Amino acid sequence: MPQLILLNKPYGVICQFSEHPLHPTLKSCVSLPGVYPAGRLDTDSEGLLLLTGDGELQHRISDPRWKLPKTYWVQVEGRPDEAKLDMLRAGVNLGDFITKPARVRVIDTPELWPRTPAVRFRKTVPDSWLEIIISEGKNRQVRRMTAKVGLPTLRLVRVAIGPWHIGELAPGQWQSLTVALEDLPQGQHAERIGKDVAPAAARHGAAAVPKAPFFRLAKRK
């Protein structure tokens, strides 16, 4: 069965293996030969990136026709009201295209790794966290969506793609799974962020990953 790599891509790492004059590449995180990203993640974004050396699996994951939902935790500048949230949910006109409806909700500050470099805040402006789930993946889409409704993105972390979660992976860590194409989901969002990655890996002989903190959504008070 095809091999699938789950990588927690650090901030500042460019989503390619070939050398880059300004940024570290995926080679600094994954030393396996013959694997390539199934989809992309911006250099200034963090979190889950899927890689594989199997062309059919890569196509199956990255092709937008399969509509695998992508879940992001997004730190934004400002306090979102219902009007702004409804704009994101309904679809945002970005000029070159209108986004499809998204699932959006305000969340408490999630328990994540510190970002390096740290996020720059303006002391006079509050910040908030949103969970945004989209089935598209156009260039800088989430950042453009939040900016359009007046909520500029400060930090963006992808925590899930379809049923695959970032789980306990710290920045730069990766985990290997074997995947049967016939068992792949068809757009069903897994509701428990961070669950089932390690058990699934154990069932399929995944590479060992050093123990890392469990990143999860902070409980509401």
# chains A, B, ... in the order shown; residues from 1 in each chain; ligands from 1
$ select_by_dssp --residues "chain A" --states "helix (DSSP H, G or I)" --output "number ranges by chain"
A: 26-28, 55-62, 64-66, 82-90, 141-148, 181-183, 197-203
$ write_last_selection --atoms "N, CA and C atoms" --output "short mmCIF file (atom, residue, chain, number, x, y, z; two decimals), in the first residue's frame"
data_model
loop_
_atom_site.label_atom_id
_atom_site.label_comp_id
_atom_site.auth_asym_id
_atom_site.auth_seq_id
_atom_site.Cartn_x
_atom_site.Cartn_y
_atom_site.Cartn_z
N LEU A 26 11.80 21.52 2.79
CA LEU A 26 11.28 20.30 3.42
C LEU A 26 12.39 19.29 3.69
N LYS A 27 13.50 19.42 2.98
CA LYS A 27 14.63 18.52 3.20
C LYS A 27 15.18 18.65 4.62
N SER A 28 14.97 19.81 5.25
CA SER A 28 15.43 20.01 6.62
C SER A 28 14.58 19.24 7.62
N GLY A 55 1.98 8.59 -6.99
CA GLY A 55 1.30 9.59 -7.80
C GLY A 55 -0.21 9.55 -7.68
N GLU A 56 -0.78 8.36 -7.62
CA GLU A 56 -2.24 8.25 -7.52
C GLU A 56 -2.74 8.77 -6.18
N LEU A 57 -2.01 8.46 -5.12
CA LEU A 57 -2.40 8.95 -3.80
C LEU A 57 -2.23 10.48 -3.72
N GLN A 58 -1.16 10.98 -4.28
CA GLN A 58 -0.94 12.43 -4.30
C GLN A 58 -2.08 13.14 -5.01
N HIS A 59 -2.49 12.60 -6.15
CA HIS A 59 -3.60 13.19 -6.90
C HIS A 59 -4.90 13.10 -6.12
N ARG A 60 -5.11 11.97 -5.49
CA ARG A 60 -6.36 11.74 -4.75
C ARG A 60 -6.50 12.72 -3.58
N ILE A 61 -5.39 13.10 -2.97
CA ILE A 61 -5.43 14.02 -1.83
C ILE A 61 -5.53 15.47 -2.29
N SER A 62 -4.76 15.83 -3.31
CA SER A 62 -4.66 17.24 -3.69
C SER A 62 -5.72 17.70 -4.67
N PRO A 64 -8.93 19.05 -5.98
CA PRO A 64 -10.06 19.69 -5.29
C PRO A 64 -11.39 19.02 -5.54
N ARG A 65 -11.49 18.18 -6.57
CA ARG A 65 -12.77 17.51 -6.83
C ARG A 65 -13.16 16.56 -5.71
N TRP A 66 -12.16 16.08 -4.94
CA TRP A 66 -12.46 15.18 -3.83
C TRP A 66 -12.91 15.93 -2.59
N GLU A 82 -20.80 38.51 14.68
CA GLU A 82 -21.55 37.52 13.90
C GLU A 82 -21.62 37.91 12.42
N ALA A 83 -21.66 39.21 12.14
CA ALA A 83 -21.73 39.65 10.74
C ALA A 83 -20.48 39.20 9.98
N LYS A 84 -19.31 39.36 10.60
CA LYS A 84 -18.07 38.96 9.94
C LYS A 84 -17.97 37.44 9.82
N LEU A 85 -18.41 36.75 10.85
CA LEU A 85 -18.39 35.28 10.79
C LEU A 85 -19.33 34.78 9.70
N ASP A 86 -20.49 35.41 9.58
CA ASP A 86 -21.45 35.00 8.55
C ASP A 86 -20.90 35.26 7.15
N MET A 87 -20.13 36.33 6.99
CA MET A 87 -19.51 36.59 5.69
C MET A 87 -18.55 35.48 5.31
N LEU A 88 -17.75 35.02 6.27
CA LEU A 88 -16.83 33.92 6.02
C LEU A 88 -17.58 32.63 5.72
N ARG A 89 -18.68 32.41 6.44
CA ARG A 89 -19.45 31.18 6.26
C ARG A 89 -20.15 31.14 4.91
N ALA A 90 -20.61 32.29 4.44
CA ALA A 90 -21.40 32.34 3.22
C ALA A 90 -20.56 32.27 1.96
N GLN A 141 -5.59 31.48 0.57
CA GLN A 141 -7.03 31.68 0.63
C GLN A 141 -7.52 32.12 2.00
N VAL A 142 -7.12 31.41 3.05
CA VAL A 142 -7.63 31.73 4.38
C VAL A 142 -7.20 33.14 4.80
N ARG A 143 -5.95 33.48 4.55
CA ARG A 143 -5.48 34.83 4.88
C ARG A 143 -6.26 35.90 4.12
N ARG A 144 -6.53 35.65 2.86
CA ARG A 144 -7.28 36.61 2.07
C ARG A 144 -8.72 36.73 2.55
N MET A 145 -9.30 35.61 2.97
CA MET A 145 -10.67 35.62 3.48
C MET A 145 -10.79 36.48 4.74
N THR A 146 -9.89 36.23 5.69
CA THR A 146 -10.00 36.97 6.95
C THR A 146 -9.69 38.45 6.74
N ALA A 147 -8.73 38.76 5.88
CA ALA A 147 -8.41 40.17 5.61
C ALA A 147 -9.58 40.88 4.96
N LYS A 148 -10.28 40.18 4.08
CA LYS A 148 -11.41 40.79 3.36
C LYS A 148 -12.52 41.22 4.31
N LEU A 181 -5.93 3.07 -1.03
CA LEU A 181 -6.69 4.08 -1.77
C LEU A 181 -8.20 3.87 -1.63
N GLU A 182 -8.61 2.62 -1.60
CA GLU A 182 -10.06 2.37 -1.52
C GLU A 182 -10.64 2.75 -0.16
N ASP A 183 -9.77 2.93 0.84
CA ASP A 183 -10.25 3.29 2.17
C ASP A 183 -10.25 4.80 2.43
N VAL A 197 -4.23 9.41 15.20
CA VAL A 197 -3.04 9.35 14.36
C VAL A 197 -2.08 8.28 14.84
N ALA A 198 -1.74 8.31 16.12
CA ALA A 198 -0.79 7.32 16.64
C ALA A 198 -1.32 5.90 16.55
N PRO A 199 -2.60 5.62 16.95
CA PRO A 199 -3.10 4.26 16.81
C PRO A 199 -3.07 3.78 15.37
N ALA A 200 -3.44 4.65 14.42
CA ALA A 200 -3.43 4.24 13.02
C ALA A 200 -2.01 3.93 12.58
N ALA A 201 -1.07 4.75 13.02
CA ALA A 201 0.32 4.52 12.66
C ALA A 201 0.80 3.18 13.20
N ALA A 202 0.43 2.87 14.42
CA ALA A 202 0.87 1.62 15.03
C ALA A 202 0.32 0.42 14.26
N ARG A 203 -0.93 0.55 13.77
CA ARG A 203 -1.53 -0.56 13.04
C ARG A 203 -0.79 -0.82 11.74
#
$ residues_around --residues "Ser128 in chain A" --least-positions-apart "4" --cutoff "7 Å" --atoms "only C-alpha atoms" --output "PyMOL selection string"
chain A and resi 75-79
$ write_last_selection --atoms "C-alpha atoms" --output "tab-separated table (two decimals), in the first residue's frame"
chain	number	residue	atom	x	y	z
A	75	GLN	CA	-5.24	33.84	15.06
A	76	VAL	CA	-6.69	37.10	13.79
A	77	GLU	CA	-6.39	40.73	14.73
A	78	GLY	CA	-9.64	42.08	16.16
A	79	ARG	CA	-12.83	40.68	17.65
$ atom_distance --atom1 "CA of Val159 in chain A" --atom2 "CA of Tyr72 in chain A"
5.7 Å
$ atom_distance --atom1 "CA of Lys123 in chain A" --atom2 "CA of Gly12 in chain A"
24.5 Å
$ closest_atom_pairs --of "range 44-76 of chain A" --to "range 93-103 of chain A" --cutoff "12 Å" --atoms "only C-alpha atoms" --output "Markdown table"
| residue | atom | partner | partner_atom | distance |
| --- | --- | --- | --- | --- |
| A:Pro64 | CA | A:Lys100 | CA | 12.0 |
| A:Lys67 | CA | A:Lys100 | CA | 11.0 |
| A:Pro69 | CA | A:Ala102 | CA | 9.6 |
| A:Lys70 | CA | A:Ala102 | CA | 10.2 |
| A:Thr71 | CA | A:Arg103 | CA | 9.1 |
| A:Tyr72 | CA | A:Arg103 | CA | 10.4 |
| A:Trp73 | CA | A:Arg103 | CA | 11.9 |
